[in-house]
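A.B. asks: One structure is given below, represented as structure tokens, and several questions about it will come after.
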Amino acid sequence: MRSPASSPSPSPSPAPSLWRNADFRRLWVGQTASQLGEHTTLVVLPLLAVLTLDAGAGQLGALRAVGQAPVLLLSLLAGAWVDRWRARTVMVLTDAGRAMALGAAAVAGLLGLFGLPALFVVAFTVGALSVLFDVAYQASLVRMVRRDQLVQGNSALEGSRSAAQIGGPALGGALVSLLSAPVATASGALFFAVSFGSLRRIRRHEAVPPVRGEHPERALRLRHRIHEGLRFVAGNPWLRAVCLASAAFQFSLAATMTVYLLFLPRELHLPGATVGLALAATGPGALLGSVLAARLPGRFGHGVVLVSAAVLGNGALLCVPALHGSSTATVLALLAVNFVFGAFSQLVNVTVMSVRQAVTPDGMQGRAAATITFVGMGLTPLGSLLGGFLAQEWGLRAGLLVAAAGMMLSPAVMAVSPLVRLGRRLTL
């Protein structure tokens, strides 16, 4: 395997447009609908807890931790499973499961049984199925397109996630504020159903790739497959650095968002719809970040882009604790902060994903993605609990400042790692 920083051999022909590929379009539509359902649900459940069920800081931290716990519990298993299954099958089944879980929650609400225990169950179920879906769609792209189309494909799929970030938070906040809890919860089920229908229409036969490093009689040994994924990521200097930087970012972000979701309605006295609007501003920013991710790394170098974007995006959140009141100026400042955070965070996300896919063999894609998810997001439940503790013991403003400052650890890790030396081109 050659260094990602080295120059690739010339491609014999330019990569054709992915939008001519009907199966890619179906994947893109399904991914967009699924992400919209996920982002709507991620806002609906915490806001229901805070605004409708009057949850305290500790309870909100626990709710977010329960929803994030599947990342720690299931990521490695998900990677091993996806590398042995067809990604389309995994995505279709997880969409169906999430739709049924949210539909059951809506029915429970109509029967008057909707409370914090139900929220905890729904959060864990949706979180567990989302882990499988997220690993599967990344593996699906690699099995569907040429290697020289990965940046274009990732930019399109991450752009769809950005579109979900525009509509999801705003829709979730409005539904919680204006309609009943069952309706707000059922909205996510509808989006997952749309995704289910689109992904089922993918026609391309997906051959499960051979698993790197496995002898045939050991191919079904789950522990062996997981160990192979861990060993591959740990032995790769770029992926190892991605894991450490991602862990620092996700831990601090989980703490920050727990305090943030309390800070906006209780310290700034913003209604649910305005909170949703403020959060939705990350969406247009992320759309811009997806566009920039297709251009800036090739112009300035992947390493420079990763570190600079992380500093600018994470640093923007340090401005939020300085805000006071619910004036128009405060709302505009929140929109600007979230836009900047969304743009540069998405630029980092797409660039990191392209690096990971470029240095990973086909048969290891699912496990590499799952291992990075496991390490990067495995600490998020603890981060959410820490955010609840900071808000409860130190107050919302001080707690938010400390949590947001912790996010600067991520660019610091990248700056002292091999990632900072990545050049303009990636190659195997």
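Naming works like this for the structure tokens: A, B, ... for the chains as they're shown, residue 1 at the start of each chain, ligands 1 onward in shown order.
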As a list in words, please: the residues near Met353 of chain A (cut-off 10 Å, only C-alpha atoms, same-chain neighbours under 2 positions excluded).

C.D. replies: Gln138, Leu150, Val151, Asn154, Ser155, Glu158, Val242, Val348, Asn349, Val350, Thr351, Val355, Arg356, Gln357, Ala358 and Ala369 of chain A

A.B. asks: Applying 10 Å and only C-alpha atoms, which residues near Glu38 of chain A remain after dropping the ones on its own chain fewer than 6 positions away? List them as a count of residues only.

C.D. replies: 15

A.B. asks: Find the residues of segment 345-377 of chain A that sit at most 12 Å from segment 381-402 of chain A; for each, write down the nearest two atoms and how far apart they are in Å, to one decimal. Count only C-alpha atoms. Sort by chain, then by number going up, and give it as JSON lines.

C.D. replies:
{"residue": "A:Phe374", "atom": "CA", "partner": "A:Pro381", "partner_atom": "CA", "distance": 11.9}
{"residue": "A:Gly376", "atom": "CA", "partner": "A:Pro381", "partner_atom": "CA", "distance": 11.6}
{"residue": "A:Met377", "atom": "CA", "partner": "A:Pro381", "partner_atom": "CA", "distance": 8.4}

A.B. asks: Those residues with N, CA, C and O atoms, as a PDB file, in the first residue's frame please?

C.D. replies:
ATOM      1  N   PHE A 374     -16.609   3.044  16.378  1.00  0.00           N
ATOM      2  CA  PHE A 374     -16.524   2.533  17.748  1.00  0.00           C
ATOM      3  C   PHE A 374     -15.573   3.382  18.594  1.00  0.00           C
ATOM      4  O   PHE A 374     -15.914   3.803  19.703  1.00  0.00           O
ATOM      5  N   GLY A 376     -14.275   6.404  17.735  1.00  0.00           N
ATOM      6  CA  GLY A 376     -14.596   7.829  17.668  1.00  0.00           C
ATOM      7  C   GLY A 376     -15.817   8.223  18.462  1.00  0.00           C
ATOM      8  O   GLY A 376     -15.840   9.265  19.112  1.00  0.00           O
ATOM      9  N   MET A 377     -16.852   7.364  18.412  1.00  0.00           N
ATOM     10  CA  MET A 377     -18.108   7.735  19.068  1.00  0.00           C
ATOM     11  C   MET A 377     -18.425   6.895  20.293  1.00  0.00           C
ATOM     12  O   MET A 377     -19.452   7.097  20.930  1.00  0.00           O
TER      13      MET A 377
END

A.B. asks: So which residues of segment 338-372 of chain A fall under alpha helix (DSSP H) by DSSP, listed as a PDB file with N, CA and C atoms, in the first residue's frame?

C.D. replies:
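Written output follows (out.pdb):
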ATOM      1  N   ASN A 338     -23.933  28.378  14.028  1.00  0.00           N
ATOM      2  CA  ASN A 338     -24.262  27.031  13.569  1.00  0.00           C
ATOM      3  C   ASN A 338     -23.945  26.839  12.093  1.00  0.00           C
ATOM      4  N   PHE A 339     -24.091  27.889  11.309  1.00  0.00           N
ATOM      5  CA  PHE A 339     -23.740  27.807   9.888  1.00  0.00           C
ATOM      6  C   PHE A 339     -22.246  27.547   9.727  1.00  0.00           C
ATOM      7  N   VAL A 340     -21.433  28.303  10.444  1.00  0.00           N
ATOM      8  CA  VAL A 340     -19.980  28.126  10.365  1.00  0.00           C
ATOM      9  C   VAL A 340     -19.580  26.740  10.870  1.00  0.00           C
ATOM     10  N   PHE A 341     -20.164  26.320  11.996  1.00  0.00           N
ATOM     11  CA  PHE A 341     -19.861  25.002  12.533  1.00  0.00           C
ATOM     12  C   PHE A 341     -20.247  23.908  11.538  1.00  0.00           C
ATOM     13  N   GLY A 342     -21.424  24.025  10.935  1.00  0.00           N
ATOM     14  CA  GLY A 342     -21.871  23.031   9.968  1.00  0.00           C
ATOM     15  C   GLY A 342     -20.965  22.958   8.749  1.00  0.00           C
ATOM     16  N   ALA A 343     -20.535  24.124   8.235  1.00  0.00           N
ATOM     17  CA  ALA A 343     -19.715  24.145   7.024  1.00  0.00           C
ATOM     18  C   ALA A 343     -18.368  23.466   7.246  1.00  0.00           C
ATOM     19  N   PHE A 344     -17.666  23.867   8.284  1.00  0.00           N
ATOM     20  CA  PHE A 344     -16.319  23.346   8.474  1.00  0.00           C
ATOM     21  C   PHE A 344     -16.319  21.930   9.047  1.00  0.00           C
ATOM     22  N   SER A 345     -17.324  21.595   9.844  1.00  0.00           N
ATOM     23  CA  SER A 345     -17.418  20.220  10.331  1.00  0.00           C
ATOM     24  C   SER A 345     -17.682  19.256   9.184  1.00  0.00           C
ATOM     25  N   GLN A 346     -18.532  19.665   8.256  1.00  0.00           N
ATOM     26  CA  GLN A 346     -18.815  18.812   7.103  1.00  0.00           C
ATOM     27  C   GLN A 346     -17.597  18.677   6.205  1.00  0.00           C
ATOM     28  N   LEU A 347     -16.853  19.746   6.072  1.00  0.00           N
ATOM     29  CA  LEU A 347     -15.612  19.685   5.292  1.00  0.00           C
ATOM     30  C   LEU A 347     -14.661  18.656   5.892  1.00  0.00           C
ATOM     31  N   VAL A 348     -14.557  18.641   7.212  1.00  0.00           N
ATOM     32  CA  VAL A 348     -13.731  17.637   7.889  1.00  0.00           C
ATOM     33  C   VAL A 348     -14.301  16.238   7.674  1.00  0.00           C
ATOM     34  N   ASN A 349     -15.615  16.085   7.837  1.00  0.00           N
ATOM     35  CA  ASN A 349     -16.246  14.770   7.719  1.00  0.00           C
ATOM     36  C   ASN A 349     -15.998  14.128   6.360  1.00  0.00           C
ATOM     37  N   VAL A 350     -16.248  14.881   5.295  1.00  0.00           N
ATOM     38  CA  VAL A 350     -16.100  14.320   3.942  1.00  0.00           C
ATOM     39  C   VAL A 350     -14.637  14.003   3.652  1.00  0.00           C
ATOM     40  N   THR A 351     -13.745  14.880   4.057  1.00  0.00           N
ATOM     41  CA  THR A 351     -12.318  14.659   3.805  1.00  0.00           C
ATOM     42  C   THR A 351     -11.819  13.432   4.547  1.00  0.00           C
ATOM     43  N   VAL A 352     -12.208  13.287   5.809  1.00  0.00           N
ATOM     44  CA  VAL A 352     -11.801  12.123   6.590  1.00  0.00           C
ATOM     45  C   VAL A 352     -12.364  10.840   5.977  1.00  0.00           C
ATOM     46  N   MET A 353     -13.616  10.874   5.535  1.00  0.00           N
ATOM     47  CA  MET A 353     -14.214   9.677   4.950  1.00  0.00           C
ATOM     48  C   MET A 353     -13.487   9.276   3.671  1.00  0.00           C
ATOM     49  N   SER A 354     -13.085  10.237   2.871  1.00  0.00           N
ATOM     50  CA  SER A 354     -12.362   9.928   1.642  1.00  0.00           C
ATOM     51  C   SER A 354     -10.988   9.336   1.945  1.00  0.00           C
ATOM     52  N   VAL A 355     -10.325   9.861   2.978  1.00  0.00           N
ATOM     53  CA  VAL A 355      -9.038   9.294   3.390  1.00  0.00           C
ATOM     54  C   VAL A 355      -9.228   7.847   3.830  1.00  0.00           C
ATOM     55  N   ARG A 356     -10.222   7.600   4.659  1.00  0.00           N
ATOM     56  CA  ARG A 356     -10.459   6.252   5.164  1.00  0.00           C
ATOM     57  C   ARG A 356     -10.760   5.280   4.030  1.00  0.00           C
ATOM     58  N   GLN A 357     -11.612   5.666   3.106  1.00  0.00           N
ATOM     59  CA  GLN A 357     -11.977   4.768   2.020  1.00  0.00           C
ATOM     60  C   GLN A 357     -10.805   4.529   1.072  1.00  0.00           C
ATOM     61  N   ALA A 358      -9.957   5.536   0.887  1.00  0.00           N
ATOM     62  CA  ALA A 358      -8.844   5.402  -0.053  1.00  0.00           C
ATOM     63  C   ALA A 358      -7.777   4.428   0.431  1.00  0.00           C
ATOM     64  N   GLN A 365     -13.836  -2.593   4.302  1.00  0.00           N
ATOM     65  CA  GLN A 365     -14.492  -1.290   4.397  1.00  0.00           C
ATOM     66  C   GLN A 365     -15.465  -1.216   5.570  1.00  0.00           C
ATOM     67  N   GLY A 366     -16.343  -2.233   5.709  1.00  0.00           N
ATOM     68  CA  GLY A 366     -17.329  -2.188   6.784  1.00  0.00           C
ATOM     69  C   GLY A 366     -16.685  -2.190   8.149  1.00  0.00           C
ATOM     70  N   ARG A 367     -15.667  -3.062   8.332  1.00  0.00           N
ATOM     71  CA  ARG A 367     -15.032  -3.152   9.641  1.00  0.00           C
ATOM     72  C   ARG A 367     -14.173  -1.929   9.952  1.00  0.00           C
ATOM     73  N   ALA A 368     -13.533  -1.350   8.927  1.00  0.00           N
ATOM     74  CA  ALA A 368     -12.763  -0.133   9.162  1.00  0.00           C
ATOM     75  C   ALA A 368     -13.685   1.003   9.583  1.00  0.00           C
ATOM     76  N   ALA A 369     -14.817   1.159   8.878  1.00  0.00           N
ATOM     77  CA  ALA A 369     -15.770   2.198   9.239  1.00  0.00           C
ATOM     78  C   ALA A 369     -16.321   1.973  10.640  1.00  0.00           C
ATOM     79  N   ALA A 370     -16.625   0.704  10.953  1.00  0.00           N
ATOM     80  CA  ALA A 370     -17.193   0.397  12.266  1.00  0.00           C
ATOM     81  C   ALA A 370     -16.178   0.600  13.387  1.00  0.00           C
ATOM     82  N   THR A 371     -14.919   0.232  13.128  1.00  0.00           N
ATOM     83  CA  THR A 371     -13.890   0.410  14.147  1.00  0.00           C
ATOM     84  C   THR A 371     -13.677   1.886  14.447  1.00  0.00           C
ATOM     85  N   ILE A 372     -13.637   2.711  13.395  1.00  0.00           N
ATOM     86  CA  ILE A 372     -13.479   4.148  13.600  1.00  0.00           C
ATOM     87  C   ILE A 372     -14.691   4.718  14.316  1.00  0.00           C
TER      88      ILE A 372
END

A.B. asks: From the options A:Ala118, A:Leu74, A:Ala310, A:Leu323, which residue's atoms come nearest to Phe263 of chain A, counting only C-alpha atoms?

C.D. replies: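 Answer, going by the shortest atom-to-atom distance: A:Leu323.
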
A.B. asks: Interatomic distance between atom CA of Pro46 of chain A and atom CA of Leu60 of chain A?

C.D. replies: 6.7 Å

A.B. asks: Find, counting only C-alpha atoms, the residue in A:Met364, A:Ala22, A:Ala248, A:Val66 that gets nearest to Ala139 of chain A.

C.D. replies: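 Result for the nearest residue to Ala139 of chain A: A:Met364.
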
A.B. asks: May I have the residues within 8 Å of Ala403 of chain A as a PyMOL selection string, using only C-alpha atoms and disregarding those fewer than 4 positions away in the same chain?

C.D. replies: chain A and resi 252-253+255-256+387+399+407
